[in-house]
Amino acid sequence: MNSKQAEQRVKTLKAEIERHNRLYYQLSDPEISDFEYDMLAQELKELLAAFPQFADQSTDHVGNDLSLGAKTIPHKQRMISLDNAYSLPELMAWWDKIAQDLGSRPPLCAELKIDGFGINLFFQEGRLRYATTRGDGVEGEDVTANFLTLPDIPTRIDFLGEIEIRGEIYFPIQSFLKMNEERREAGEKTFANPRNAAAGSIKLKDRELLAKRPLRALFYTIGHVAPEAPFGSQSELLCGLKDMGFPVAEKYRVCTDHDALEEFCLAMDVERGNLEYDIDGVVVKINDLALQKRLGFTAKSPKWAIAYKFKPEEKETTLQKVEFQVGRTGAITPVAILEPVYISGTTVSRSTLHNFDEIRRLDLHQGDTVRLVKSGEIIPKILAVNTAKRAQDARDIDLPAICPVCHSPLSREAEAAIEYCTSADCPAQLARSIEHFAGREAMDILGLGSSLVSRFLEEGIIASIEDIFRIDFDRVAAMERMGERSANKLREAIENSKQQNFDRVLFALGIRHVGAVTARNLAIHFGSMENLQQADPEELGAVPEVGEKIARAIREYFDNPKNAELIRQLHELGLCMIYRSSSQTKLLEGKSFLITGTLHHYGRKEMESLIQDHGGKILSGVSKALDYLVVGEKPGSKLSKAEKIPGISVISEDELLTMLEETE
């Protein structure tokens with residue numbers, strides 16, 4: 001990686017980390033797992049070590065849980081984050097380095113890493129003055145009134161002077177599961193995990209609602225203290241906090257050698273499934289507090305402590321059955337229905353099996369005991385079957401030869417893994433097809449979502465895609481939970497959708513393998529539906545991104561008389577079948593582009609339109625045919641792929657806009 005590429009990657013990583021900090025700390029709505037977040041932070045750390053010229057204060061920034069407009073209070077002593085170790089050898093190497101620097105091996109105190117929400121209590125002359133969140137590490141959000149609703153936390157202690165006592169607020173697992181089930185039954189959004197539930201609850205304005213949520217807390221350290229604390233070590237501090245009346249995690253150990261530390265870490269990894277709260281690792285600290293003070297801090301973390309993070313949790317559960325779902329293209333997707341099991345912060349009862357080959361690979365049988373993992377701590381996945389627990393009379397999973405909904409035969413493309421329903425009249429396909437047609441990137445019919453589509457089909461208001469434009473809105477207004485206002489809003493959204501350009505109409509049809517980018521390339525190349533319908537496979541293959549497989553799927557779609565009739569009716573109903581070009585220049589003619597990540601100034605579709613308006617082509621993936629990769633926040637794997645291919649220029653959104661200005 002050269003200096004320019006490193007600078008761009010640093011910018012990208014910083015923006016991505018900042019975005020995930022906001023989702024995690026402020027919105028309590030993370031999109032990625034802690035492990036994935038840590039990997040981003042580790043990549044940034046390694047990149048800055050190789051290219052220190054790109055480091056600045058923002059690269060030492062930690063998460064911020066402050067709510068907009070909330071009352072804040074500065075911490076007497078900064079609250080900082082810990083560095084992480086992801087393997088026992090890495091953990092031992094950290095300890096060995098300290099031992100080498102000191103000339104002797106200092107004892108460590110190993111504690112549970114509570115996966116909760118940080119809290120800071122300030123006591124003065126023995127009385128609790130306030131409770132704040134971790135905030136941005138420098139100041140925290142005042143949550144004193146809400147914190148006082150937690151039971152068994154002392155508000156008076158036997159300590160004359162000032163002291164900050166710090167810990168984690170958590171949601172007991174069983175209470176969390178019960179609350180989520182109640183919210184699910186009430187049609188409310190469920191929390192992703194207990195940590196998010198704790199974070200959202202401690203900031204509630206509704207005290208009555210807060211009182212119904214059984215938050216708890218565990219404490220493990222102190223911040224500012226004056227005069228000096230009466231503790232000489234971390235283990236003494238934990239005992240002292242307990243004597244003051246603060247709840248502490250009972251499981252901790254002072255370790256003097258590798259074997260003791262490894263034994264504790266491995267034991268806690270096993271034990272975590274039996275605790276009433278979530279843990280995601282072990283925190284390891286130099287036990288001697290005076291030595292901690294001597295070792296000090298980096299800009300972001302203490303040099304005397306590190307967090308050993310557990311690998312993603314695995315658990316066993318029972319396969320109850322396999323269901324086969326039908327998608328809009330007729331693709332049959334098997335889904336494992338499992339005995340509910342709590343794993344990595346959530347209860348899992350379903351796992352996608354992707355295709356029939358996956359069932360064969362796993363050798364799944366009815367009633368099997370399966371080993372489950374949450375991939376990236378987000379998506380549940382069956383890793384393997386415990387055949388030792390299989391019943392002798394266990395039957396194979398029956399793989400259907402016909403569609404589970406309409407009972408039409410299934411077919412499978414050559415060299416493909418997906419089985420498809422062969423009937424264009426399949427009710428399951430129809431519902432998914434209408435949802436896709438009305439979707440945001442297609443016709444963008446606001447309000448026509450999956451639940452309303454299902455109701456319309458059940459009550460006979462629509463029976464096909466074209467029926468959307470013939471809806472009897474008096475019937476809609478008379479429906480339960482609809483009314484005249486909702487009906488009029490839907491009428492307006494449907495009428496507005498007729499203004500969508502031809503490329504959106506083409507994408508909305510749901511032709512297999514034709515995504516939004518390919519649809520626009522086809523629309524630009526052929527100009528009209530009529531020209532496209534008449535194109536042979538060779539002509540189709542001349543369009544960017546259209547290979548033999550896609551060309552065959554397009555031809556099969558247009559050769560179906562039912563599809564031809566659908567297109568004819570949509571045309572008569574006023575949908576656009578000619579591409580309206582808004583091309584301004586040919587400045588980017590002959591150049592191909594791909595966008596990855598979230599842009600600041602434009603939505604992705606808007607930017608793609610801007611590029612095409614100036615003659616550029618949009619590709620759907622990284623290849624040697626790509627000239628420019630435009631990188632925004634959260635770029636994903638496309639960036640790393642592009643960096644490995646000579647000739648691809650990696651540019652930012654601003655660089656693309658500057659390029660347009662310069663060219664003009």
# chains A, B, ... in the order shown; residues from 1 in each chain; ligands from 1

call {"tool": "residues_around", "arguments": {"residues": "Ala388 of chain A", "least_positions_apart": "4", "cutoff": "12 Å", "atoms": "only C-alpha atoms", "output": "PyMOL selection string"}}
result
chain A and resi 368-370+384+392

call {"tool": "select_by_dssp", "arguments": {"residues": "segment 119-353 of chain A", "states": "strand (DSSP E or B)", "output": "number ranges by chain"}}
result
A: 119-124, 127-133, 139-142, 156, 162-170, 216-226, 233, 252-255, 279-286, 288, 297, 302, 305-309, 314-326, 331-343, 346-352

call {"tool": "residues_around", "arguments": {"residues": "Ser581 of chain A", "least_positions_apart": "2", "cutoff": "12 Å", "atoms": "only C-alpha atoms", "output": "count of residues only"}}
result
22

call {"tool": "closest_residue", "arguments": {"among": "A:Ile611, A:Leu626, A:Met268, A:Cys406", "to": "Leu660 of chain A", "atoms": "only C-alpha atoms"}}
result
A:Ile611

call {"tool": "residues_around", "arguments": {"residues": "Asp83 of chain A", "least_positions_apart": "2", "cutoff": "8 Å", "atoms": "only C-alpha atoms", "output": "list in words"}}
result
Ser81, Ala85, Ser301, Pro302, Ala305, Ile306 and Ala307 of chain A

call {"tool": "write_last_selection", "arguments": {"atoms": "N, CA and C atoms", "output": "CSV table (one decimal), in the first residue's frame"}}
result
chain,number,residue,atom,x,y,z
A,81,SER,N,-10.6,3.5,27.4
A,81,SER,CA,-10.9,2.2,26.9
A,81,SER,C,-9.7,1.3,27.1
A,85,ALA,N,-6.9,-8.2,23.4
A,85,ALA,CA,-6.1,-9.4,22.9
A,85,ALA,C,-7.1,-10.5,22.5
A,301,SER,N,-5.4,4.2,26.2
A,301,SER,CA,-5.6,3.1,27.0
A,301,SER,C,-4.6,3.0,28.1
A,302,PRO,N,-4.9,2.3,29.2
A,302,PRO,CA,-3.9,2.1,30.2
A,302,PRO,C,-2.8,1.1,29.8
A,305,ALA,N,-3.3,-2.7,31.8
A,305,ALA,CA,-4.5,-3.5,31.7
A,305,ALA,C,-4.8,-3.8,30.2
A,306,ILE,N,-5.4,-5.0,30.0
A,306,ILE,CA,-5.8,-5.4,28.7
A,306,ILE,C,-7.1,-6.3,28.8
A,307,ALA,N,-7.9,-6.3,27.7
A,307,ALA,CA,-9.1,-7.2,27.7
A,307,ALA,C,-8.8,-8.4,26.8

call {"tool": "select_by_dssp", "arguments": {"residues": "segment 30-147 of chain A", "states": "helix (DSSP H, G or I)", "output": "PyMOL selection string"}}
result
chain A and resi 34-50+52-54+57-60+88-102+144-147

call {"tool": "residues_around", "arguments": {"residues": "Gly118 of chain A", "least_positions_apart": "3", "cutoff": "9 Å", "atoms": "only C-alpha atoms", "output": "list in words"}}
result
Thr132, Thr133, Arg134, Gly135, Arg166, Gly167, Glu168, Ile169 and Ala199 of chain A

call {"tool": "closest_residue", "arguments": {"among": "A:Ile397, A:Met529, A:Met1, A:Leu210", "to": "Lys644 of chain A", "atoms": "only C-alpha atoms"}}
result
A:Met1

call {"tool": "residues_around", "arguments": {"residues": "Thr598 of chain A", "least_positions_apart": "6", "cutoff": "8 Å", "atoms": "only C-alpha atoms", "output": "tab-separated table (two decimals) with N, CA and C atoms, in the first residue's frame"}}
result
chain	number	residue	atom	x	y	z
A	604	ARG	N	-26.27	6.88	-2.84
A	604	ARG	CA	-25.56	6.07	-3.83
A	604	ARG	C	-26.23	6.14	-5.19
A	631	VAL	N	-15.00	5.59	-2.82
A	631	VAL	CA	-15.08	5.04	-1.47
A	631	VAL	C	-15.71	6.03	-0.50
A	632	GLY	N	-16.75	5.56	0.20
A	632	GLY	CA	-17.35	6.33	1.28
A	632	GLY	C	-17.13	5.63	2.60
A	633	GLU	N	-18.00	5.90	3.58
A	633	GLU	CA	-17.90	5.23	4.87
A	633	GLU	C	-18.31	3.77	4.73
A	634	LYS	N	-17.75	2.91	5.58
A	634	LYS	CA	-18.07	1.49	5.63
A	634	LYS	C	-17.96	0.84	4.24
A	635	PRO	N	-16.76	0.85	3.65
A	635	PRO	CA	-16.61	0.35	2.28
A	635	PRO	C	-16.68	-1.15	2.12

call {"tool": "residues_around", "arguments": {"residues": "Ala542 of chain A", "least_positions_apart": "4", "cutoff": "12 Å", "atoms": "only C-alpha atoms", "output": "list in words"}}
result
Asn521, Leu522, His525, Phe526, Ala535, Asp536, Pro537, Glu538, Val546, Gly547, Glu548, Ile550 and Ala551 of chain A

call {"tool": "closest_residue", "arguments": {"among": "A:Ile279, A:Leu108, A:Leu215, A:Met479", "to": "Asp257 of chain A", "atoms": "only C-alpha atoms"}}
result
A:Leu108

call {"tool": "atom_distance", "arguments": {"atom1": "atom CA of Asn146 of chain A", "atom2": "atom CA of Ala211 of chain A"}}
result
8.9 Å

call {"tool": "atom_distance", "arguments": {"atom1": "atom CA of Asn196 of chain A", "atom2": "atom CA of Lys45 of chain A"}}
result
26.7 Å

call {"tool": "closest_residue", "arguments": {"among": "A:Ala493, A:His365, A:Gly510, A:Glu530", "to": "Glu435 of chain A", "atoms": "only C-alpha atoms"}}
result
A:Gly510

call {"tool": "closest_residue", "arguments": {"among": "A:Arg272, A:Arg207, A:Lys562, A:Arg568", "to": "Lys251 of chain A", "atoms": "only C-alpha atoms"}}
result
A:Arg272

call {"tool": "atom_distance", "arguments": {"atom1": "atom CA of Leu509 of chain A", "atom2": "atom CA of Ala553 of chain A"}}
result
12.7 Å

call {"tool": "closest_residue", "arguments": {"among": "A:Gly621, A:Pro214, A:Pro74, A:Gly273", "to": "Tyr130 of chain A", "atoms": "only C-alpha atoms"}}
result
A:Pro74
